[in-house]
Each structure stands twice: as structure tokens, then as C-alpha cells.
Amino acid sequence: MGVLQRRWRWLAGAVLAGLVGGLGATLLATPTYQATAGTFFSLQYGNSAADLVQGSTYTQNQVESFATLATTPVVLTPVVEELGLDVSAQALATRITASAPLDTVLVEVSVTDVSAEQSARIANAVAESLSRTVEELAPEDADGDPTVQATTVAPAEVPSGQASPDLVVDLAAGLLLGLLAGLGLVALRELSDTRVRDAETLATLTPLPVVGSIGVLPRSADRPVVVELEPHGTAAESFRQLRTNLRFLGLSRDDEGATGAQVVSVTSSLAAEGKSTVAANLAVALAETGRVLLVDADLRRPSVATVLGLEGAAGLTTVLVGEAEPADVVQEWGAAGLHVLTAGALPPNPSELLGSPAMAALLARLRGEYDHVVLDTAPVLPVADAAILSRVVDGTLVVANVTRVRRHQLTETLTGLDRLGGRTLGVVLNQVRRDESAYTYETPAALQWAPARPVAEVGADTAPSPLPRMPVGARADGHAGVGERP
């Protein structure tokens, strides 16, 4: 069923094509009519009951031969000459079918023609010619009369309706052929598809866990940070689940002797897999529970500033070359107080800059100032930036877009990160198609919080006390705001 859910468009397209083909065949086909005449054969031999039974059995054994005789030139040539048809006997035979119903002495002759009247005339003429031919070929009795007598018992009548095309039959045939073709295409497409579609496929490639499964994000959002824009939606909950899973992985650097900041890089195998969107939403989700910094470490195609609508002229590269302090270029974004360090000016040597002692020193400094640091890095396969950073962070999350990345590409990415000694935390499946209604659990509208009415409406003695307002970036646990040291 999972295959059909993914490939239903292929199946629906094939079925639709089959239906259109059936309809087209009906509309383009020339209408034809069919008329049928029935001839009865009897043996004129003997008077006793035994003779009659024997004669009936003989006739039944011969009637199949009579049906075959109906489409031979010896029967049809006189018909062509009698009716003045402009076709040969062989061509006329292709429009005639003759059959003998089981356990009867009847031969039914059916003729198909584009004219209803002509089909009836030809059917009657063939029945008469068949009767004459059988009587001529049958043995004679002692008086010289034929022993087989043929009688047309059901003359052909002009058909009232066309025999073909039949719209219902053509549509049913088109539907069946389209369905079979669609199933074949689905099977062929599934066998040739090497994308990492689900957790089961991933399990065949690596023992790493699936730490997150992100559905298709809403297209209506102006910006893809759904945790901020739709905090109660199913997509936002997917990123909160990713946040929870990261905590269970135990990212604290025990080798430093303290449970301090957690530095996580987010990368992917290819470009356009959604790593920047995942990094931004993860950072916002983490910022709901702590002091978080999102760093745009993709110094080739930075996108965090664009995604969040921030100024990107100064940022990470400005700090690394010593032209500014982190507090001077860090910007605050969103209601959760997320701190963001954009990429800054693009350098000519991104890999060298990210692998420099200045980058290692900056990360060490940020560990003491934030609870979590999330780095959005470049994809692994095109450039080496993410692999270089994997050695100086606590762990790396690899985003796998189920609509883009191939199995060998993801395997190459994970192998490359492991070869350099970096810690890969797991894989985040992105753009997973699923029934979002199964992941919805929202508070009913009647129970949702609403602002209190003005005092003039409810009375001064019943008005609730307003909640205290906190400075932007401040937290109830005493952490400092933007630009302040903890």
C-alpha cells in the first residue's frame, strides 16, 4: 500500500489515459450493425423411431461442418453475385461468423456491416445459399432426394441498434488496460527508484537512527520557519520531537569535564534538501527551552539571513578575520529570543577559514555563552566544508530529502563523515509524505486562551491582573539578553 500511496499519480494517470483511449475509440470508430439468421437441419431418412434417433445424432455430428461451410466461397460466391456486392467472397467471409449451439441442429449466421439493412439482407442470403449448398452436397435417398433438409427458421431482421462501438465495453476495456499498465509502471518505477524513501530503506544503508521525520511544510507560509509562524501545527511538533530526540542522544562533551553547550552541525548530501530550513526550525525549537545561537556556516551559498529576513553583510566571516566580536554581529530573531550569526561576506577560501584555529576558538567561546549552538553547513558531496566542521562539533545531523537524495549518495555522505572521525548523530528524513491528520492533536477553540476583556466591560473588581512584561531576550532564570555576558 505504501508503494501505491507514493505512486498513485502514475496509476491514476494510466487509468485516465485508458479511459480517454476507450472514449476516443468509441468516438472515432465507424458504427456497425449485426444481423443473425438461423437455419434448422434435419435428416430425411427412415420412419421408425430408431431411424429418427440415428438421423438426429448424425445431423448433430454434421452441423459443425455446416457452420464451417457457411464462410467458404462455395456458399458466399452466389451471395456476392445475387446481391451485387463489390467485395470478394474472401473479403465477405471476414464479416461473417457462423456457429452451431451445443446439442442442437441449428446454424446461426451473423453478418456485420456498416448498414443495418445490408447486414440483414446478407445474413438471409447466406442462410439460403448455405441451405442449398448443404442439400446439394448431402447424400440422396432411393428416390433421388437429398437426405438432409435445411429450413430457415429465424430470418434476419434489420437491427434496431448498432453492434459497435459499445461505449460501456470500450470504457471498461480502457479502464482495465489502463489499470494494468499503471500497475506495471508503478512496479517498474519502484524498482528503478533508488531514493531514500523511508526509515525502512535507511535501515538497509546504515545503523544510524532516524532522529527526525519532517513532513511536507505548508506552502502558504511566507517563510519556512514553521515553529515560529505556526507553533501549534504538526510541522512545528515534528521539530520539537527532533529537539527531544537530540536530548536523548546525550550530546554533552564529557571529555571537557562539564555538561555545557551542545554544538550541532546540520548538513545534507546534496543542495536543496532543506538543511537550512531544518537548522532554522530546530534552532527556534531549542530556543523555546534555552539560550540558542544559530550560525550560518555555509560560506558558499548562505541562506539563513534570507530565510529569517536578517541583515547578512556582517557575520561569521567578519568575526573569523578579527574585524568584529560575536556580540557585535549577533542578531536576535523571533519571539523565543533566538540569536543568529549570519554568514557575512563570502570568502575566497571557505574550507580553510572553517578549518582555521580561529573557528575552533570561536566555537569554544560560544560554548560558554549558549546552551545550544546550531550550525547550518554546506552539503557534504559537493564541498568539504561540512566534513571539516564535523571534527570540531559535538555531532552532525544529516538531512535526507526523500524526494531527492539517492541511496548511494547518502551512503557516500555517511561514509565520508565517519572516515574523518566526526560523530554523526543520525539522519533527519525531510519532506516525508504522510497523513497529517494522524499527527494532529490541537486544543479545541473553546478551550484556547483569549485575552481578557477591558476593565470597562467586566468591572474593575473582576479584571485580572496583567502578566508582567519581560525585556526582549531576557529569561526568567536570569540569563542575559542580547549582547550581554551571562
# chains A, B, ... in the order shown; residues from 1 in each chain; ligands from 1

$ residues_around --residues "Ala305 of chain A" --least-positions-apart "4" --cutoff "8 Å" --atoms "only C-alpha atoms" --output "VMD selection string"
chain A and resid 309 to 312 342 to 343

$ residues_around --residues "segment 132-136 of chain A" --least-positions-apart "6" --cutoff "12 Å" --atoms "only C-alpha atoms" --output "JSON, numbers by chain"
{"A": [39, 40, 41, 42, 43, 44, 59, 62, 63, 65, 66, 67, 68, 69, 70, 71, 72, 73, 74, 75, 76, 77, 78, 79, 107, 125, 126, 144, 145, 146, 147, 148, 149, 150, 151, 152]}

$ select_by_dssp --residues "segment 130-211 of chain A" --states "helix (DSSP H, G or I)" --output "PyMOL selection string"
chain A and resi 130-137+167-192+199-203

$ residues_around --residues "Leu282 of chain A" --least-positions-apart "4" --cutoff "8 Å" --atoms "only C-alpha atoms" --output "JSON list (two decimals) with N, CA and C atoms, in the first residue's frame"
[["chain", "number", "residue", "atom", "x", "y", "z"],
["A", 239, "PHE", "N", 9.54, 19.27, 14.61],
["A", 239, "PHE", "CA", 10.84, 19.82, 15.01],
["A", 239, "PHE", "C", 11.02, 19.75, 16.52],
["A", 240, "ARG", "N", 9.96, 19.88, 17.28],
["A", 240, "ARG", "CA", 10.10, 19.70, 18.73],
["A", 240, "ARG", "C", 10.43, 18.25, 19.07],
["A", 242, "LEU", "N", 12.20, 16.35, 17.14],
["A", 242, "LEU", "CA", 13.62, 16.28, 16.80],
["A", 242, "LEU", "C", 14.45, 16.84, 17.95],
["A", 243, "ARG", "N", 14.02, 17.94, 18.53],
["A", 243, "ARG", "CA", 14.71, 18.52, 19.69],
["A", 243, "ARG", "C", 14.78, 17.53, 20.84],
["A", 278, "VAL", "N", 15.65, 23.03, 8.12],
["A", 278, "VAL", "CA", 15.70, 22.17, 9.30],
["A", 278, "VAL", "C", 16.53, 22.83, 10.40],
["A", 286, "LEU", "N", 14.76, 24.75, 19.92],
["A", 286, "LEU", "CA", 15.68, 24.72, 21.06],
["A", 286, "LEU", "C", 15.61, 26.02, 21.85]]

$ closest_residue --among "A:Gly290, A:Gly344, A:Asn61, A:Val432" --to "Asp103 of chain A" --atoms "only C-alpha atoms"
A:Asn61

$ atom_distance --atom1 "atom CA of Leu316 of chain A" --atom2 "atom CA of Val392 of chain A"
15.9 Å

$ closest_residue --among "A:Ser115, A:Asn430, A:Thr26, A:Thr377" --to "Thr403 of chain A" --atoms "only C-alpha atoms"
A:Asn430

$ closest_residue --among "A:Val210, A:Ala172, A:Leu270, A:Val284" --to "Val227 of chain A" --atoms "only C-alpha atoms"
A:Val284
